[in-house]
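This is final-v8.txt (compact mmCIF, C-alpha atoms).
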# COMPACT_ATOMS: atom_id res chain seq x y z
CA MET A 1 129.98 65.04 8.61
CA ALA A 2 132.64 63.78 6.25
CA PHE A 3 131.47 62.97 2.76
CA ARG A 4 132.04 59.44 1.52
CA ILE A 5 132.93 58.32 -1.97
CA LEU A 6 129.90 56.81 -3.59
CA ILE A 7 128.45 55.65 -6.85
CA ILE A 8 125.10 57.13 -7.79
CA GLY A 9 123.20 55.03 -10.28
CA LEU A 10 119.51 54.43 -9.94
CA THR A 11 119.29 57.06 -7.23
CA LEU A 12 119.48 59.54 -10.08
CA ALA A 13 116.23 58.04 -11.37
CA SER A 14 117.58 58.20 -14.92
CA LEU A 15 116.12 55.64 -17.32
CA LEU A 16 117.52 55.65 -20.81
CA ASN A 17 115.13 55.29 -23.73
CA SER A 18 116.22 52.52 -26.09
CA LYS A 19 114.94 54.41 -29.14
CA ALA A 20 117.31 57.27 -28.40
CA VAL A 21 120.46 55.14 -28.52
CA TYR A 22 121.78 55.18 -32.05
CA SER A 23 123.96 52.59 -33.81
CA MET A 24 127.71 53.12 -33.69
CA GLU A 25 130.16 51.98 -36.31
CA ASN A 26 133.07 49.99 -34.91
CA LYS A 27 136.37 49.29 -36.57
CA LEU A 28 137.43 45.67 -36.77
CA GLY A 29 139.61 44.73 -33.84
CA GLU A 30 138.23 47.59 -31.72
CA PRO A 31 135.07 46.25 -30.09
CA ASP A 32 132.86 48.48 -28.01
CA VAL A 33 132.89 46.72 -24.63
CA PHE A 34 129.62 47.74 -23.11
CA ILE A 35 128.76 45.10 -20.52
CA HIS A 36 130.81 43.11 -18.04
CA TYR A 37 128.91 41.09 -15.46
CA ALA A 38 130.84 39.11 -12.86
CA ILE A 39 128.88 36.44 -10.97
CA PHE A 40 130.48 35.81 -7.57
CA PHE A 41 129.70 32.47 -5.99
CA GLY A 42 129.91 31.61 -2.33
CA LYS A 43 131.71 28.44 -1.38
CA GLN A 44 130.48 25.58 -3.58
CA GLU A 45 131.19 21.88 -3.25
CA GLN A 46 133.10 22.05 -6.49
CA GLU A 47 134.12 24.77 -8.90
CA LEU A 48 131.52 25.35 -11.57
CA ASN A 49 132.42 25.28 -15.23
CA SER A 50 131.49 28.46 -17.08
CA GLU A 51 130.37 26.60 -20.18
CA ASP A 52 128.13 24.26 -18.18
CA LEU A 53 126.48 27.23 -16.47
CA THR A 54 125.21 28.61 -19.75
CA LYS A 55 123.91 25.46 -21.43
CA GLN A 56 120.30 26.41 -20.71
CA CYS A 57 120.75 29.99 -21.96
CA ASP A 58 119.41 31.19 -25.28
CA LEU A 59 122.47 32.85 -26.79
CA LYS A 60 121.59 32.25 -30.42
CA GLY A 61 122.91 34.97 -32.68
CA ILE A 62 125.66 35.81 -30.22
CA GLU A 63 129.10 34.52 -31.15
CA ARG A 64 131.15 33.03 -28.34
CA ILE A 65 134.66 34.39 -28.57
CA THR A 66 137.78 33.70 -26.53
CA SER A 67 139.33 37.16 -26.65
CA PHE A 68 138.83 40.63 -28.07
CA ASP A 69 141.24 39.71 -30.85
CA SER A 70 138.66 37.31 -32.26
CA PHE A 71 135.95 39.98 -32.32
CA THR A 72 134.37 40.24 -35.81
CA ASN A 73 132.20 43.37 -35.55
CA LYS A 74 129.04 41.52 -34.58
CA PRO A 75 127.52 40.65 -31.19
CA GLY A 76 129.81 38.41 -29.19
CA VAL A 77 130.41 37.31 -25.61
CA ILE A 78 133.40 36.07 -23.66
CA ILE A 79 132.43 33.69 -20.84
CA LYS A 80 135.27 32.70 -18.56
CA ASN A 81 136.11 31.61 -15.04
CA GLN A 82 138.28 33.97 -13.01
CA ASP A 83 139.86 33.49 -9.61
CA VAL A 84 139.90 36.27 -7.05
CA GLY A 85 143.45 37.15 -8.04
CA GLN A 86 142.28 38.05 -11.53
CA LEU A 87 139.04 39.71 -10.43
CA PRO A 88 138.96 40.51 -6.69
CA VAL A 89 135.74 40.17 -4.74
CA PRO A 90 134.18 43.61 -4.11
CA SER A 91 134.81 44.91 -0.61
CA LEU A 92 132.04 44.73 1.96
CA GLN A 93 131.91 48.52 1.96
CA ALA A 94 131.34 48.50 -1.79
CA LEU A 95 128.50 46.01 -1.40
CA GLN A 96 126.90 48.08 1.36
CA TYR A 97 127.18 51.47 -0.29
CA PHE A 98 126.94 50.70 -3.98
CA GLY A 99 124.61 47.72 -3.97
CA ARG A 100 120.95 47.19 -4.67
CA GLY A 101 118.95 44.78 -2.57
CA PHE A 102 121.85 44.45 -0.10
CA ASP A 103 121.65 41.33 2.05
CA GLN A 104 124.21 40.76 4.84
CA ALA A 105 124.02 36.95 4.67
CA LYS A 106 124.66 36.94 0.92
CA ALA A 107 127.39 39.52 1.36
CA ASP A 108 129.11 37.20 3.88
CA ARG A 109 128.95 34.42 1.31
CA ILE A 110 130.37 36.50 -1.51
CA MET A 111 133.31 37.56 0.67
CA GLU A 112 134.25 33.86 0.86
CA SER A 113 134.19 33.43 -2.92
CA ASP A 114 137.25 31.87 -4.49
CA TYR A 115 136.25 32.49 -8.09
CA SER A 116 133.73 34.12 -10.34
CA VAL A 117 132.40 33.77 -13.85
CA SER A 118 132.60 36.80 -16.12
CA PHE A 119 130.25 37.59 -18.99
CA ILE A 120 131.87 40.21 -21.21
CA GLY A 121 129.57 41.30 -24.02
CA VAL A 122 131.11 43.07 -26.99
CA GLY A 123 129.88 44.40 -30.28
CA PRO A 124 128.02 47.29 -31.87
CA PHE A 125 124.68 48.38 -30.49
CA ASP A 126 121.70 46.88 -32.28
CA LYS A 127 118.26 48.44 -32.50
CA ASP A 128 116.54 45.98 -30.16
CA HIS A 129 119.50 45.51 -27.78
CA SER A 130 119.19 41.76 -28.17
CA LEU A 131 122.77 41.21 -27.04
CA LEU A 132 122.27 42.86 -23.67
CA LYS A 133 118.83 41.35 -23.19
CA LYS A 134 119.92 37.75 -23.86
CA ILE A 135 123.07 37.99 -21.78
CA THR A 136 121.19 39.71 -18.97
CA ILE A 137 118.59 36.93 -18.84
CA CYS A 138 121.36 34.31 -18.91
CA VAL A 139 123.29 35.98 -16.09
CA TYR A 140 120.13 36.31 -14.01
CA SER A 141 119.19 32.64 -14.40
CA VAL A 142 122.68 31.52 -13.32
CA ALA A 143 122.76 33.90 -10.34
CA LYS A 144 119.28 32.84 -9.27
CA LYS A 145 120.11 29.14 -9.43
CA TYR A 146 123.24 29.46 -7.29
CA ASN A 147 122.09 32.31 -5.00
CA ALA A 148 125.01 34.37 -6.28
CA PHE A 149 125.82 38.07 -6.51
CA VAL A 150 125.98 39.87 -9.85
CA TYR A 151 128.56 42.63 -9.99
CA ASP A 152 128.41 45.08 -12.89
CA VAL A 153 132.15 45.58 -13.26
CA ALA A 154 131.87 48.45 -15.73
CA ASP A 155 129.79 50.59 -13.38
CA SER A 156 130.69 49.20 -9.94
CA LEU A 157 127.13 48.33 -8.96
CA THR A 158 126.19 45.15 -7.13
CA PHE A 159 122.93 43.28 -7.30
CA THR A 160 121.32 40.32 -5.66
CA SER A 161 119.86 38.00 -8.27
CA ASP A 162 116.29 39.22 -7.66
CA SER A 163 117.10 42.92 -7.83
CA PHE A 164 119.26 42.27 -10.89
CA ALA A 165 116.19 40.79 -12.57
CA ASN A 166 113.96 43.66 -11.50
CA ILE A 167 116.35 46.37 -12.62
CA ARG A 168 117.71 44.81 -15.78
CA VAL A 169 115.32 42.28 -17.26
CA ASN A 170 112.05 44.05 -16.56
CA GLU A 171 113.19 47.44 -17.78
CA ILE A 172 114.78 46.01 -20.91
CA SER A 173 111.62 44.03 -21.69
CA GLN A 174 109.66 47.30 -21.40
CA GLY A 175 111.99 49.02 -23.85
CA PHE A 176 114.11 50.90 -21.34
CA PHE A 177 117.69 50.81 -20.19
CA SER A 178 118.29 51.63 -16.56
CA SER A 179 120.74 54.26 -15.46
CA SER A 180 123.00 51.48 -14.26
CA GLN A 181 124.24 51.48 -17.84
CA PHE A 182 126.42 54.34 -16.64
CA GLY A 183 127.61 55.53 -13.24
CA VAL A 184 128.30 58.80 -11.49
CA ARG A 185 131.04 59.09 -8.92
CA ALA A 186 130.66 61.91 -6.41
CA TYR A 187 133.23 62.93 -3.83
CA ARG A 188 134.30 65.93 -1.78
CA VAL A 189 136.97 68.24 -3.12
CA GLU A 190 138.55 71.25 -1.40
CA ARG A 191 135.73 73.70 -2.08
CA GLY A 192 132.68 71.49 -2.53
CA ILE A 193 131.57 68.28 -4.21
CA ARG A 194 132.59 66.97 -7.64
CA SER A 195 130.58 64.45 -9.69
CA VAL A 196 131.94 62.59 -12.71
CA SER A 197 130.07 60.27 -15.07
CA MET A 198 131.49 56.94 -16.21
CA GLY A 199 130.38 54.88 -19.17
CA LEU A 200 129.07 57.42 -21.69
CA GLU A 201 131.63 56.07 -24.16
CA LYS A 202 129.04 53.33 -24.72
CA PHE A 203 126.89 55.96 -26.39
CA GLY A 204 129.72 57.48 -28.40
CA GLN A 205 129.82 60.51 -26.08
CA PRO A 206 132.39 62.12 -23.78
CA ASN A 207 131.89 61.85 -20.04
CA LEU A 208 130.80 64.86 -18.03
CA ALA A 209 131.75 66.47 -14.74
CA ILE A 210 130.08 69.02 -12.50
CA GLU A 211 132.42 70.60 -9.99
CA ASN A 212 132.52 72.48 -6.69
CA PHE A 213 128.86 72.45 -5.70
CA SER A 214 127.66 72.60 -2.14
CA GLU A 215 126.38 69.57 -0.26
CA HIS A 216 123.10 71.33 0.54
CA HIS A 217 122.53 71.67 -3.23
CA MET A 218 123.35 68.04 -3.91
CA GLY A 219 119.80 66.76 -4.46
CA TYR A 220 118.95 69.25 -7.19
CA MET A 221 122.45 69.23 -8.67
CA ASP A 222 121.93 65.48 -9.13
CA LYS A 223 118.72 66.25 -11.03
CA LEU A 224 120.49 68.85 -13.15
CA PHE A 225 123.34 66.45 -13.92
CA THR A 226 120.90 63.69 -14.84
CA LEU A 227 119.07 66.08 -17.16
CA VAL A 228 122.29 67.09 -18.91
CA LEU A 229 123.47 63.47 -19.16
CA GLN A 230 120.20 62.37 -20.71
CA HIS A 231 120.41 65.12 -23.34
CA VAL A 232 123.96 64.02 -24.14
CA ILE A 233 122.93 60.36 -24.38
CA GLU A 234 119.98 61.14 -26.64
CA SER A 235 121.97 63.47 -28.89
CA ARG A 236 122.53 62.12 -32.41
CA ASP A 237 125.77 64.08 -32.70
CA LYS A 238 128.84 63.82 -30.55
CA VAL A 239 128.79 66.53 -27.90
CA VAL A 240 131.71 68.98 -28.08
CA PRO A 241 132.82 71.94 -25.92
CA GLY A 242 130.43 74.85 -26.21
CA PRO A 243 126.79 75.74 -25.43
CA ILE A 244 124.17 73.07 -24.80
CA SER A 245 120.44 73.57 -24.30
CA ILE A 246 118.55 71.32 -21.90
CA ASP A 247 114.78 71.13 -21.61
CA VAL A 248 112.73 68.62 -19.63
CA LYS A 249 110.05 68.69 -22.36
CA ASN A 250 112.58 67.52 -24.95
CA ILE A 251 113.59 64.36 -23.07
CA SER A 252 112.46 61.29 -25.03
CA ASN A 253 112.39 58.90 -22.10
CA PRO A 254 108.84 59.15 -20.70
CA MET A 255 109.72 57.86 -17.21
CA LEU A 256 112.58 60.28 -16.77
CA GLN A 257 110.54 63.15 -18.18
CA LYS A 258 107.72 62.38 -15.76
CA ASN A 259 110.13 62.23 -12.81
CA MET A 260 111.75 65.50 -13.83
CA GLN A 261 108.41 67.25 -14.35
CA SER A 262 107.33 66.23 -10.86
CA SER A 263 110.49 67.91 -9.48
CA ILE A 264 109.67 71.30 -11.01
CA ALA A 265 107.88 73.80 -8.79
CA PRO A 266 105.29 76.17 -10.38
CA ASN A 267 107.91 78.93 -10.70
CA GLY A 268 110.48 76.68 -12.44
CA ILE A 269 110.85 76.79 -16.23
CA GLY A 270 112.38 73.33 -16.73
CA ARG A 271 115.07 74.45 -19.16
CA ALA A 272 118.44 76.20 -19.33
CA ARG A 273 121.33 76.94 -21.64
CA LEU A 274 124.70 75.79 -20.33
CA VAL A 275 128.27 75.85 -21.58
CA LEU A 276 130.52 72.78 -21.58
CA LYS A 277 134.31 73.04 -21.47
CA LYS A 278 137.13 70.54 -21.56
CA ALA A 279 138.02 69.41 -18.05
CA VAL A 280 141.31 68.11 -16.67
CA PRO A 281 140.74 64.50 -15.54
CA HIS A 282 141.65 63.60 -11.97
CA ASP A 283 143.17 60.25 -11.08
CA GLY A 284 140.74 57.54 -12.12
CA ASP A 285 138.59 59.85 -14.28
CA PRO A 286 137.69 59.07 -17.89
CA SER A 287 140.29 60.56 -20.24
CA GLU A 288 137.76 62.48 -22.36
CA LEU A 289 135.87 64.76 -20.00
CA LEU A 290 133.72 67.88 -20.34
CA ALA A 291 132.56 70.03 -17.42
CA ILE A 292 129.61 72.38 -16.94
CA THR A 293 131.02 75.92 -16.88
CA PHE A 294 130.25 78.53 -14.21
CA GLU A 295 131.56 82.09 -14.03
CA ASN A 296 132.45 82.34 -10.34
CA PRO A 297 135.41 80.72 -8.53
CA PRO A 298 134.79 77.96 -5.97
CA GLY A 299 133.12 79.14 -2.78
CA ASP A 300 130.04 81.05 -1.68
CA SER A 301 129.79 83.12 -4.87
CA LEU A 302 129.81 79.98 -7.02
CA TRP A 303 127.17 78.36 -4.81
CA ASP A 304 124.97 81.43 -5.24
CA GLU A 305 125.39 81.20 -9.03
CA GLN A 306 124.49 77.52 -8.99
CA ALA A 307 121.50 78.19 -6.72
CA LYS A 308 120.14 80.75 -9.21
CA LEU A 309 120.48 78.20 -12.03
CA LEU A 310 118.66 75.51 -10.02
CA LEU A 311 115.94 77.98 -9.02
CA ALA A 312 115.40 78.91 -12.66
CA ILE A 313 115.14 75.28 -13.82
CA PHE A 314 113.36 73.63 -10.89
CA GLY A 315 111.93 76.57 -8.96
CA ARG A 316 113.98 75.49 -5.93
CA ASP A 317 117.63 74.85 -5.20
CA ARG A 318 117.39 72.16 -2.52
CA ASP A 319 115.02 69.58 -1.09
CA ILE A 320 112.53 71.41 1.11
CA SER A 321 111.36 69.62 4.22
CA SER A 322 107.68 69.15 4.98
CA VAL A 323 108.43 70.34 8.52
CA PRO A 324 106.97 73.88 8.87
CA ASP A 325 109.21 76.78 9.84
CA SER A 326 107.07 77.32 12.92
CA ALA A 327 107.96 73.90 14.31
CA SER A 328 110.73 73.64 16.86
CA LEU A 329 113.68 71.30 16.32
CA ASP A 330 112.53 69.24 19.29
CA GLU A 331 109.11 68.77 17.68
CA ALA A 332 110.68 67.84 14.35
CA ILE A 333 113.02 65.32 16.00
CA ALA A 334 110.14 63.75 17.95
CA SER A 335 108.09 63.40 14.76
CA ALA A 336 110.99 61.89 12.80
CA LYS A 337 111.81 59.50 15.62
CA MET A 338 108.24 58.19 15.82
CA ARG A 339 108.01 57.69 12.06
CA ALA A 340 111.41 55.94 11.98
CA LYS A 341 110.23 53.58 14.71
CA ASP A 342 107.07 52.81 12.73
CA ILE A 343 109.14 51.88 9.68
CA LEU A 344 111.48 49.73 11.77
CA GLU A 345 108.64 47.91 13.49
CA GLU A 346 106.70 47.36 10.26
CA GLY A 347 109.60 45.20 9.18
CA HIS A 348 108.12 44.13 5.85
CA THR A 349 108.85 47.56 4.34
CA LEU A 350 112.61 47.05 4.56
CA GLU A 351 112.36 43.47 3.33
CA LYS A 352 111.36 44.69 -0.13
CA ASP A 353 114.15 44.60 -2.69
CA GLY A 354 116.17 47.79 -2.90
CA MET A 355 114.75 49.43 0.25
CA ARG A 356 117.17 51.28 2.53
CA LEU A 357 116.57 53.13 5.79
CA LEU A 358 119.10 55.75 6.88
CA LEU A 359 118.94 57.15 10.41
CA ALA A 360 120.59 60.19 11.97
CA VAL A 361 121.78 59.12 15.42
CA ALA A 362 123.17 61.35 18.18
CA LEU A 363 126.50 60.56 19.84
CA GLU A 364 125.80 61.71 23.38
CA GLU A 365 129.42 62.04 24.51
CA THR A 366 130.63 64.29 21.68
CA LYS A 367 127.30 65.92 20.77
CA GLU A 368 127.69 64.85 17.12
CA VAL A 369 125.15 63.39 14.73
CA ILE A 370 126.06 60.47 12.49
CA TRP A 371 124.12 58.77 9.70
CA VAL A 372 123.82 54.98 9.63
CA GLU A 373 122.16 52.57 7.24
CA VAL A 374 120.07 50.15 9.31
CA SER A 375 120.94 46.46 9.03
CA ASP A 376 119.21 45.04 12.15
CA TRP A 377 116.51 46.14 14.59
CA GLU A 378 115.07 44.43 17.66
CA GLY A 379 113.10 45.98 20.48
CA GLN A 380 114.54 49.42 21.16
CA LYS A 381 118.00 48.76 19.70
CA GLY A 382 119.41 48.55 16.20
CA ILE A 383 122.63 48.07 14.27
CA GLY A 384 123.63 50.23 11.34
CA ILE A 385 126.54 50.76 8.97
CA LEU A 386 128.23 54.12 9.53
CA LEU A 387 127.99 56.36 6.46
CA SER A 388 130.39 59.05 7.68
CA ASP A 389 133.46 59.59 9.83
CA PRO A 390 132.56 61.43 13.05
CA ILE A 391 134.81 64.45 13.54
CA HIS A 392 135.29 64.13 17.31
CA THR A 393 134.89 60.38 17.82
CA LYS A 394 138.10 59.00 16.36
CA SER A 395 137.29 55.37 17.19
CA LEU A 396 134.41 55.30 14.66
CA ARG A 397 134.97 55.07 10.93
CA SER A 398 132.75 54.97 7.86
CA GLY A 399 131.76 51.39 7.05
CA MET A 400 131.87 50.15 10.66
CA LYS A 401 128.87 48.58 12.40
CA TYR A 402 127.37 50.79 15.08
CA GLU A 403 124.79 49.82 17.71
CA PHE A 404 122.27 52.53 18.53
CA ASN A 405 119.32 53.04 20.84
CA TYR A 406 115.89 54.36 19.86
CA ALA A 407 116.29 57.28 22.27
CA PHE A 408 119.13 58.72 20.16
CA ILE A 409 117.39 58.68 16.75
CA MET A 410 117.06 62.23 15.40
CA ASP A 411 116.09 61.95 11.73
CA PHE A 412 115.49 59.42 8.93
CA LYS A 413 115.56 58.98 5.17
CA LEU A 414 113.82 56.06 3.45
CA TYR A 415 115.07 55.08 -0.01
CA GLY A 416 113.54 52.79 -2.61
CA PRO A 417 115.10 51.47 -5.86
CA ASP A 418 114.44 54.80 -7.61
CA GLY A 419 115.55 57.18 -4.89
CA LEU A 420 114.26 58.98 -1.80
CA LEU A 421 110.72 58.00 -0.77
CA GLU A 422 110.33 59.75 2.56
CA GLN A 423 112.33 61.81 5.05
CA GLY A 424 111.90 63.38 8.45
CA GLY A 425 113.27 66.78 7.49
CA VAL A 426 115.09 67.70 10.72
CA ASP A 427 118.30 68.27 8.77
CA GLU A 428 116.64 70.78 6.46
CA LEU A 429 114.84 72.55 9.29
CA ALA A 430 118.15 72.97 11.13
CA ARG A 431 119.72 74.44 8.00
CA ARG A 432 116.88 76.89 7.56
CA ALA A 433 117.02 77.87 11.24
CA GLY A 434 120.77 78.39 10.95
CA SER A 435 120.43 80.60 7.88
CA ARG A 436 118.13 82.99 9.77
CA GLN A 437 120.59 83.53 12.61
Would you mind giving the structure from this file in structure tokens?
Amino acid sequence: MAFRILIIGLTLASLLNSKAVYSMENKLGEPDVFIHYAIFFGKQEQELNSEDLTKQCDLKGIERITSFDSFTNKPGVIIKNQDVGQLPVPSLQALQYFGRGFDQAKADRIMESDYSVSFIGVGPFDKDHSLLKKITICVYSVAKKYNAFVYDVADSLTFTSDSFANIRVNEISQGFFSSSQFGVRAYRVERGIRSVSMGLEKFGQPNLAIENFSEHHMGYMDKLFTLVLQHVIESRDKVVPGPISIDVKNISNPMLQKNMQSSIAPNGIGRARLVLKKAVPHDGDPSELLAITFENPPGDSLWDEQAKLLLAIFGRDRDISSVPDSASLDEAIASAKMRAKDILEEGHTLEKDGMRLLLAVALEETKEVIWVEVSDWEGQKGIGILLSDPIHTKSLRSGMKYEFNYAFIMDFKLYGPDGLLEQGGVDELARRAGSRQ
């Protein structure tokens, strides 16, 4: 299956501890732009005035400025209307793949938007993050009132108003920043997958890359990358090329530490010493970029080296299915199909904010398996958004709607706001069976 470009945010389950983010000194005239929310409105009877929208917001202590030139080294915010020529509406594919709490009806409305209102917060970090908290609450209240979409321009994540509140407001009020404060872009390169972080400049740190890892290692490479990123974010000194020690026990953020600890098998040690080197940015990458260094060239030998590292840290190098080795593929498929049907027929499970159900579906004519994200289900039939380009079925493309029948379901993965909740495991069983041949 072809690999699609994606943004990984909360799926990394990385929550940043507010106490670990230190103050940064900014030079006058060089503000640290660290938030940019765009609220996209569906068709309204009349265009809304950006100033009127914020009259009920508590923005005391935050200076309203008209441009970066008027920035005075203290918390400020630019609030302005923008038409779609200045700030284009995100594509439907972006909303489907990168969003939280995706809703087709709201997505249809946002695609008809003629304008948006941007909240651009600037200024140095403050100990209590009052700037972000106040602007976040203001943006949420406006989005909620007008049933609008919030698009985090800096990180390319989309939110319905409710999920925006859950992810931003609640976590900030509990003293945490969510990982949507930065993003990770992952895409296929010639000899594997490459992930690049975006947004660590907000913490005074260079961005990081991890290159040429295998797709079957992706789950635990994500965990490794999150662990390294969190150490970089919590570091009081700017990270430079050279060795870096990572240890789950040294992570300050209690939620992230708990999640990481739960990922470590009894034989994993939860720590490692890595080396960072300067990396050559690709098109669209941050200009200052460090990469995790490995000794072997891209290919099987590199994947073996990475597997040994993951095994040392986590005690395993990939997600292991709960399907026993003794089970046949037919038995595993039957089990996954029945559980997927239960989830689909429960209905209320997928109505919860941030829930996503991915199904592996067989294409009978070409004997391929595709993954779709379910958008509708009725009786024995469903509709899903294709998450990959089939190799032998040229008429189907990633992002298209695809109608499927229950009989052709082969596997499932159920995601919540913080990542994978449940999976059928057929994929992993097939891999294991293949490796023994």
How many Å lie between CA of Lys134 in chain A and CA of Ala165 in chain A, rounded to one decimal? 12.3 Å
Among A:Thr293, A:Leu274, A:Phe408, A:Ile78, Glu365 in chain A is approached most closely, using only C-alpha atoms, by A:Phe408
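Using only C-alpha atoms, the shortest contact distance between Ser116 in chain A and any of A:Asp52, A:Glu331, A:Glu190, A:Asp83 is found at A:Asp83.
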Could you list, as a PyMOL selection string, every residue within 8 Å of Val275 in chain A, counting all atoms listed in the file and ignoring same-chain residues fewer than 4 positions away? chain A and resi 241-244+292-293
Give me, please, the distance in Å between CA of Ser113 in chain A and CA of Gln44 in chain A, quoted to one decimal. 8.7 Å
Distance query Arg339 in chain A at most 12 Å, all atoms listed in the file, self and fewer than 2 positions along chain excluded, as a list in words: Ala332, Ile333, Ala334, Ser335, Ala336, Lys337, Lys341, Asp342, Ile343, Leu344, Glu345, Glu346, Leu357, Leu359, Tyr406, Ile409, Met410, Asp411, Phe412, Lys413, Leu414, Glu422, Gln423, Gly424 and Gly425 of chain A
Distance CA of Leu224 in chain A-CA of His282 in chain A, one decimal place?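 Taking CA of Leu224 in chain A as the start and CA of His282 in chain A as the end point, the length is 21.8 Å.
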Contacts of Gly384 in chain A at 10 Å or less, counting all atoms listed in the file, minus same-chain residues fewer than 3 places along, as a list in words?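 Final neighbour list, sorted by chain and number: Leu357, Leu358, Leu359, Val361, Trp371, Val372, Glu373, Val374, Ser375, Asp376, Trp377, Leu387, Gly399, Met400, Lys401, Tyr402, Glu403 and Phe404 of chain A.
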Produce a table with one row for each residue of range 235-298 of chain A that has an atom at most 7 Å from any atom of range 191-205 of chain A, each row naming the nearest atom pair and its distance in Å at one decimal; use all atoms listed in the file; arrange rows by chain and rising residue number; format as CSV.
residue,atom,partner,partner_atom,distance
A:Lys238,CA,A:Gln205,CA,5.6
A:Val239,CA,A:Gln205,CA,6.4
A:Pro286,CA,A:Met198,CA,6.8
A:Pro298,CA,A:Arg191,CA,5.8
Counting all atoms listed in the file, which of A:Val77, A:Ile233, A:Leu276, A:Leu302 gets nearest to Ser214 in chain A? A:Leu302
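Compared by their closest atoms to Val228 in chain A, and using only C-alpha atoms, the residues A:Arg273, A:Arg318, A:Arg168, A:Lys258 rank with A:Arg273 nearest.
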Counting all atoms listed in the file, which of A:Ala209, A:Ala38, A:Leu229, A:Leu59 gets nearest to Ser130 in chain A? A:Leu59
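Considering the residues A:His392, A:His231, A:Lys278, A:Lys60 and counting all atoms listed in the file, Ile135 in chain A has its shortest atom-to-atom contact with A:Lys60.
Around Glu51 in chain A, within 10 Å and counting all atoms listed in the file, the residues found are A:Lys55, A:Ile79, A:Lys80, A:Asn81, A:Val117, once anything fewer than 4 positions away on its own chain is removed.
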